[in-house]
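*Asks:* Structure file upload_10.cif (mmCIF, C-alpha atoms) is given on the next line.
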data_final
#
loop_
_atom_site.label_atom_id
_atom_site.label_comp_id
_atom_site.auth_asym_id
_atom_site.auth_seq_id
_atom_site.Cartn_x
_atom_site.Cartn_y
_atom_site.Cartn_z
CA MET A 1 0.00 0.00 0.00
CA ASP A 2 1.43 3.36 -1.09
CA GLN A 3 0.18 6.26 1.04
CA LYS A 4 1.40 8.85 -1.47
CA VAL A 5 -0.71 7.32 -4.23
CA LEU A 6 -3.71 7.02 -1.91
CA GLU A 7 -3.33 10.72 -1.10
CA THR A 8 -3.28 11.56 -4.82
CA ILE A 9 -6.41 9.47 -5.34
CA LYS A 10 -8.10 11.30 -2.47
CA GLN A 11 -7.28 14.68 -4.00
CA THR A 12 -8.54 13.57 -7.40
CA VAL A 13 -11.89 12.25 -6.16
CA THR A 14 -12.53 15.11 -3.74
CA GLY A 15 -11.27 17.78 -6.13
CA ASN A 16 -13.54 16.77 -9.00
CA PRO A 17 -17.32 16.23 -8.84
CA VAL A 18 -17.37 13.11 -11.09
CA VAL A 19 -14.35 10.79 -11.51
CA LEU A 20 -14.32 7.47 -13.39
CA TYR A 21 -11.35 5.16 -12.92
CA MET A 22 -11.37 2.84 -15.93
CA LYS A 23 -9.22 0.64 -18.14
CA GLY A 24 -8.49 2.72 -21.23
CA THR A 25 -10.34 5.96 -22.08
CA PRO A 26 -14.01 6.77 -22.74
CA GLN A 27 -13.21 6.89 -26.47
CA PHE A 28 -11.06 3.71 -26.37
CA PRO A 29 -12.09 1.51 -23.41
CA GLN A 30 -9.81 -1.53 -22.94
CA CYS A 31 -12.37 -3.65 -21.09
CA GLY A 32 -16.07 -4.33 -21.60
CA PHE A 33 -17.03 -3.25 -18.11
CA SER A 34 -15.09 0.02 -18.42
CA GLY A 35 -16.72 0.62 -21.79
CA LEU A 36 -20.16 0.05 -20.27
CA ALA A 37 -19.41 2.52 -17.47
CA ALA A 38 -18.38 5.21 -19.99
CA GLN A 39 -21.56 4.60 -22.02
CA VAL A 40 -23.77 4.84 -18.92
CA LEU A 41 -22.16 8.17 -17.98
CA LYS A 42 -22.66 9.46 -21.52
CA ALA A 43 -26.32 8.39 -21.38
CA CYS A 44 -26.64 10.36 -18.12
CA GLY A 45 -25.42 13.47 -19.94
CA ALA A 46 -22.18 13.58 -17.96
CA THR A 47 -19.71 15.00 -20.44
CA ASP A 48 -17.12 16.96 -18.47
CA TYR A 49 -16.09 14.28 -15.96
CA VAL A 50 -12.53 13.19 -15.14
CA ALA A 51 -11.64 9.77 -16.61
CA VAL A 52 -8.46 8.18 -15.24
CA ASN A 53 -6.88 5.39 -17.31
CA VAL A 54 -5.63 2.97 -14.65
CA LEU A 55 -3.64 1.06 -17.29
CA ALA A 56 -1.49 4.17 -17.73
CA ASP A 57 -0.73 4.52 -14.00
CA VAL A 58 0.53 1.39 -12.23
CA GLY A 59 0.47 3.18 -8.84
CA VAL A 60 -3.27 3.82 -9.15
CA TYR A 61 -3.84 0.37 -10.68
CA GLU A 62 -2.33 -1.34 -7.63
CA ASN A 63 -3.56 0.97 -4.87
CA LEU A 64 -7.07 2.03 -5.85
CA LYS A 65 -8.53 -1.20 -4.40
CA TYR A 66 -7.31 -0.12 -0.96
CA TYR A 67 -8.81 3.38 -1.17
CA ALA A 68 -12.50 2.37 -0.91
CA ASN A 69 -12.13 -1.37 -0.36
CA TRP A 70 -13.25 -2.14 -3.92
CA PRO A 71 -11.02 -4.57 -5.82
CA THR A 72 -12.16 -4.16 -9.41
CA PHE A 73 -12.41 -1.60 -12.22
CA PRO A 74 -14.14 0.55 -13.29
CA GLN A 75 -14.87 2.66 -10.22
CA LEU A 76 -17.13 5.71 -10.26
CA TYR A 77 -16.75 8.46 -7.65
CA ILE A 78 -19.22 11.31 -7.24
CA LYS A 79 -18.31 14.16 -4.87
CA GLY A 80 -15.54 12.03 -3.38
CA GLU A 81 -17.74 9.00 -2.67
CA LEU A 82 -17.47 5.57 -4.30
CA ILE A 83 -20.71 4.84 -6.16
CA GLY A 84 -19.67 1.46 -7.46
CA GLY A 85 -18.64 -0.53 -10.54
CA SER A 86 -20.44 -0.95 -13.87
CA ASP A 87 -23.02 -3.33 -12.32
CA ILE A 88 -24.22 -0.79 -9.81
CA MET A 89 -23.94 2.10 -12.27
CA LYS A 90 -26.16 0.27 -14.77
CA GLU A 91 -28.73 -0.66 -12.12
CA MET A 92 -28.82 2.90 -10.74
CA TYR A 93 -29.13 4.27 -14.29
CA GLU A 94 -32.10 2.01 -14.97
CA LYS A 95 -33.78 3.32 -11.80
CA GLY A 96 -32.97 6.93 -12.74
CA GLU A 97 -30.89 7.35 -9.58
CA LEU A 98 -27.56 7.89 -11.35
CA GLN A 99 -28.91 10.79 -13.42
CA LYS A 100 -29.98 12.58 -10.21
CA LEU A 101 -26.56 12.06 -8.64
CA ILE A 102 -24.80 13.42 -11.72
CA GLU A 103 -27.12 16.46 -11.75
CA SER A 104 -26.47 17.15 -8.07
CA ALA A 105 -22.71 16.88 -8.68
CA LYS A 106 -22.84 19.51 -11.44
CA ALA A 107 -24.63 22.07 -9.25
CA MET B 1 -8.56 -20.92 -13.38
CA PRO B 2 -11.33 -21.14 -10.82
CA THR B 3 -14.58 -22.93 -11.67
CA PRO B 4 -18.02 -21.56 -10.77
CA GLU B 5 -18.06 -24.21 -8.00
CA ASN B 6 -14.79 -22.79 -6.60
CA VAL B 7 -16.15 -19.24 -6.61
CA LYS B 8 -19.36 -20.43 -4.92
CA THR B 9 -17.30 -22.09 -2.16
CA TYR B 10 -15.06 -19.04 -1.72
CA ILE B 11 -18.11 -16.81 -1.19
CA GLU B 12 -19.87 -19.25 1.15
CA GLN B 13 -16.74 -19.53 3.31
CA GLY B 14 -16.80 -15.79 3.98
CA LEU B 15 -20.52 -14.95 3.91
CA GLU B 16 -23.58 -16.73 5.24
CA CYS B 17 -25.80 -17.39 2.22
CA THR B 18 -29.31 -18.84 2.13
CA HIS B 19 -29.07 -19.20 -1.66
CA ILE B 20 -26.25 -18.79 -4.18
CA GLU B 21 -25.81 -19.46 -7.90
CA VAL B 22 -22.58 -18.87 -9.83
CA HIS B 23 -21.99 -19.18 -13.59
CA GLY B 24 -18.91 -18.23 -15.52
CA ASP B 25 -16.16 -19.04 -17.99
CA GLY B 26 -13.19 -19.07 -15.63
CA ARG B 27 -12.47 -15.33 -15.84
CA HIS B 28 -15.87 -13.61 -15.94
CA PHE B 29 -18.47 -14.78 -13.44
CA GLU B 30 -22.13 -13.93 -12.76
CA ALA B 31 -23.56 -14.67 -9.33
CA VAL B 32 -26.94 -14.46 -7.62
CA ILE B 33 -26.38 -14.23 -3.86
CA VAL B 34 -28.98 -14.20 -1.09
CA SER B 35 -27.74 -13.44 2.43
CA PRO B 36 -29.29 -12.18 5.68
CA ALA B 37 -26.12 -10.10 6.09
CA PHE B 38 -27.38 -7.83 3.28
CA ALA B 39 -30.35 -6.63 5.31
CA GLY B 40 -30.41 -2.84 5.77
CA LYS B 41 -27.45 -2.33 3.44
CA GLY B 42 -27.22 -0.49 0.14
CA MET B 43 -26.11 -2.24 -3.06
CA LEU B 44 -22.54 -0.98 -2.63
CA GLN B 45 -22.13 -2.36 0.90
CA GLN B 46 -23.71 -5.65 -0.15
CA HIS B 47 -21.22 -6.06 -3.00
CA GLN B 48 -18.36 -5.06 -0.63
CA LEU B 49 -19.35 -7.91 1.72
CA VAL B 50 -19.00 -10.36 -1.18
CA TYR B 51 -15.65 -8.90 -2.21
CA LYS B 52 -14.47 -9.14 1.41
CA ALA B 53 -15.40 -12.84 1.43
CA LEU B 54 -13.40 -13.35 -1.78
CA GLY B 55 -10.39 -11.40 -0.48
CA ASP B 56 -7.30 -11.32 -2.73
CA ARG B 57 -8.70 -14.03 -5.03
CA MET B 58 -10.86 -11.28 -6.49
CA HIS B 59 -7.91 -9.65 -8.20
CA GLU B 60 -5.59 -12.57 -8.70
CA GLU B 61 -7.91 -15.33 -9.90
CA ILE B 62 -11.22 -13.72 -10.80
CA HIS B 63 -11.12 -11.04 -13.50
CA ALA B 64 -14.73 -9.93 -13.21
CA LEU B 65 -17.77 -10.76 -11.09
CA SER B 66 -21.21 -9.41 -11.92
CA MET B 67 -23.59 -9.94 -9.03
CA LYS B 68 -27.23 -9.63 -8.09
CA THR B 69 -27.61 -9.44 -4.30
CA PHE B 70 -30.83 -10.01 -2.34
CA THR B 71 -31.93 -10.29 1.26
CA PRO B 72 -33.96 -13.48 1.98
CA GLU B 73 -37.15 -11.34 2.04
CA GLN B 74 -36.39 -9.77 -1.36
CA TRP B 75 -35.51 -13.19 -2.76
CA SER B 76 -38.77 -14.75 -1.59
CA LYS B 77 -40.65 -12.06 -3.57
CA GLN B 78 -38.48 -12.75 -6.63
CA ILE B 79 -39.30 -16.44 -7.13
#
Kindly present the structure from the file in structure tokens form.

*Replies:*
Amino acid sequence: MDQKVLETIKQTVTGNPVVLYMKGTPQFPQCGFSGLAAQVLKACGATDYVAVNVLADVGVYENLKYYANWPTFPQLYIKGELIGGSDIMKEMYEKGELQKLIESAKA
Amino acid sequence: MPTPENVKTYIEQGLECTHIEVHGDGRHFEAVIVSPAFAGKGMLQQHQLVYKALGDRMHEEIHALSMKTFTPEQWSKQI
């Protein structure tokens, strides 16, 4: 566990309203689940969110699972709080809950 | 590579389940998990309980796990 990386993660997720840690980028996802997460965010109208490519940052790749006790990617954070992976994002989107969260993060 | 049976056992060892189904191809798994421990918890906390039961296997052996989590009450309304 690398405290410096965890501190950087904390600043990223608390300094930006919406942050998606994913494999690849929204335009070029490198994993089906990450691609799904990017699509769900797009469907929610979230355009100016921060997307972090964990494949381009081995420190984040290895330490993010310790930050919020979540071992897989992608991970969505809204206002500094872990929302979940693509499963939970999809389910919340279908219930209309994710859209509300995204709206509240923009305000 | 773990089999669905392995994954089922890993989860049951760490979490009391009244019902559990696991399917998968050795890297991607889908699971339906019913546990009294889920009561009063949001989806995120429920999934975290499952990940806690799986521990490090989640990263090392299992690439992806999609899950549907239910309390026994929710499950009884499902079937």

*Asks:* Pull the closest atom pair for each residue of chain A that gets at most 7 Å from chain B, along with the distance in Å to one decimal, counting only C-alpha atoms, ordering rows by chain and then ascending residue number, as a tab-separated table.

*Replies:*
residue	atom	partner	partner_atom	distance
A:Trp70	CA	B:Gln48	CA	6.7
A:Pro71	CA	B:His59	CA	6.4
A:Gly84	CA	B:Leu44	CA	6.1
A:Asp87	CA	B:Ser66	CA	6.4

*Asks:* Just give me the gap between CA of Tyr77 (chain A) and CA of Gln27 (chain A) in Å, one decimal is fine.

*Replies:*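 Between CA of Tyr77 (chain A) and CA of Gln27 (chain A) the gap is 19.2 Å.
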
*Asks:* Run the PyMOL selection byres ((chain B and resi 19) around 9) on the file and write out the hits as an MDAnalysis selection string.

*Replies:* chainID B and resid 17:18 20:21 32:35 72 75

*Asks:* With only C-alpha atoms as the counted atoms, please give the residues lying no more than 12 Å from Ile102 (chain A), apart from itself and same-chain residues fewer than 3 positions off, as an NGL selection string.

*Replies:* :A and (17-19 or 40-49 or 76-79 or 83 or 89 or 92-93 or 96-99 or 105-107)

*Asks:* From the options B:Leu15, B:Thr71, B:Lys77, B:Thr3, which residue's atoms come nearest to Glu30 (chain B), counting all atoms listed in the file?

*Replies:*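 Of B:Leu15, B:Thr71, B:Lys77, B:Thr3, the one nearest Glu30 (chain B) is B:Thr3, counting all atoms listed in the file.
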
*Asks:* Can you list, as a PDB file with C-alpha atoms, in the coordinates of the input, every protein, DNA or RNA residue that comes within 9 Å of Val7 (chain B) when you count only C-alpha atoms, leaving out same-chain residues fewer than 3 positions away?

*Replies:*
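Once everything was written out, this is around.pdb:
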ATOM      1  CA  PRO B   2     -11.330 -21.140 -10.820  1.00  0.00           C
ATOM      2  CA  THR B   3     -14.580 -22.930 -11.670  1.00  0.00           C
ATOM      3  CA  PRO B   4     -18.020 -21.560 -10.770  1.00  0.00           C
ATOM      4  CA  TYR B  10     -15.060 -19.040  -1.720  1.00  0.00           C
ATOM      5  CA  ILE B  11     -18.110 -16.810  -1.190  1.00  0.00           C
ATOM      6  CA  GLU B  12     -19.870 -19.250   1.150  1.00  0.00           C
ATOM      7  CA  VAL B  22     -22.580 -18.870  -9.830  1.00  0.00           C
ATOM      8  CA  PHE B  29     -18.470 -14.780 -13.440  1.00  0.00           C
ATOM      9  CA  LEU B  54     -13.400 -13.350  -1.780  1.00  0.00           C
ATOM     10  CA  ILE B  62     -11.220 -13.720 -10.800  1.00  0.00           C
TER      11      ILE B  62
END

*Asks:* Got a sec to resolve the PyMOL selection byres ((chain A and resi 31-39) around 8) on this structure and send the residues as a ChimeraX atom specification?

*Replies:* /A:22-24,26,28-30,40-43,73-74,85-86,89-90

*Asks:* Would you mind telling me which residue in B:Thr69, B:Gln46, B:Gln74, B:Ala37 lies nearest to Glu16 (chain B) when using only C-alpha atoms?

*Replies:*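 Nearest to Glu16 (chain B): B:Ala37.
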
*Asks:* Could you give me the axis-aligned bounding box of region 31-50 of chain A, with 8 Å of padding per side, as centre plus edge lengths in Å to one decimal, as AutoDock Vina command-line options?

*Replies:*
--center_x -19.5 --center_y 6.3 --center_z -18.6 --size_x 30.3 --size_y 37.3 --size_z 22.9

*Asks:* Take CA of Leu6 (chain A) and CA of Val50 (chain A) and report the distance between them in Å, one decimal.

*Replies:*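 Pair CA of Leu6 (chain A) / CA of Val50 (chain A) returns 17.1 Å.
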
*Asks:* Would you work out the distance separating CA of Lys100 (chain A) from CA of Thr12 (chain A), expressed in Å to one decimal?

*Replies:*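 According to the coordinates, CA of Lys100 (chain A) and CA of Thr12 (chain A) are separated by 21.6 Å.
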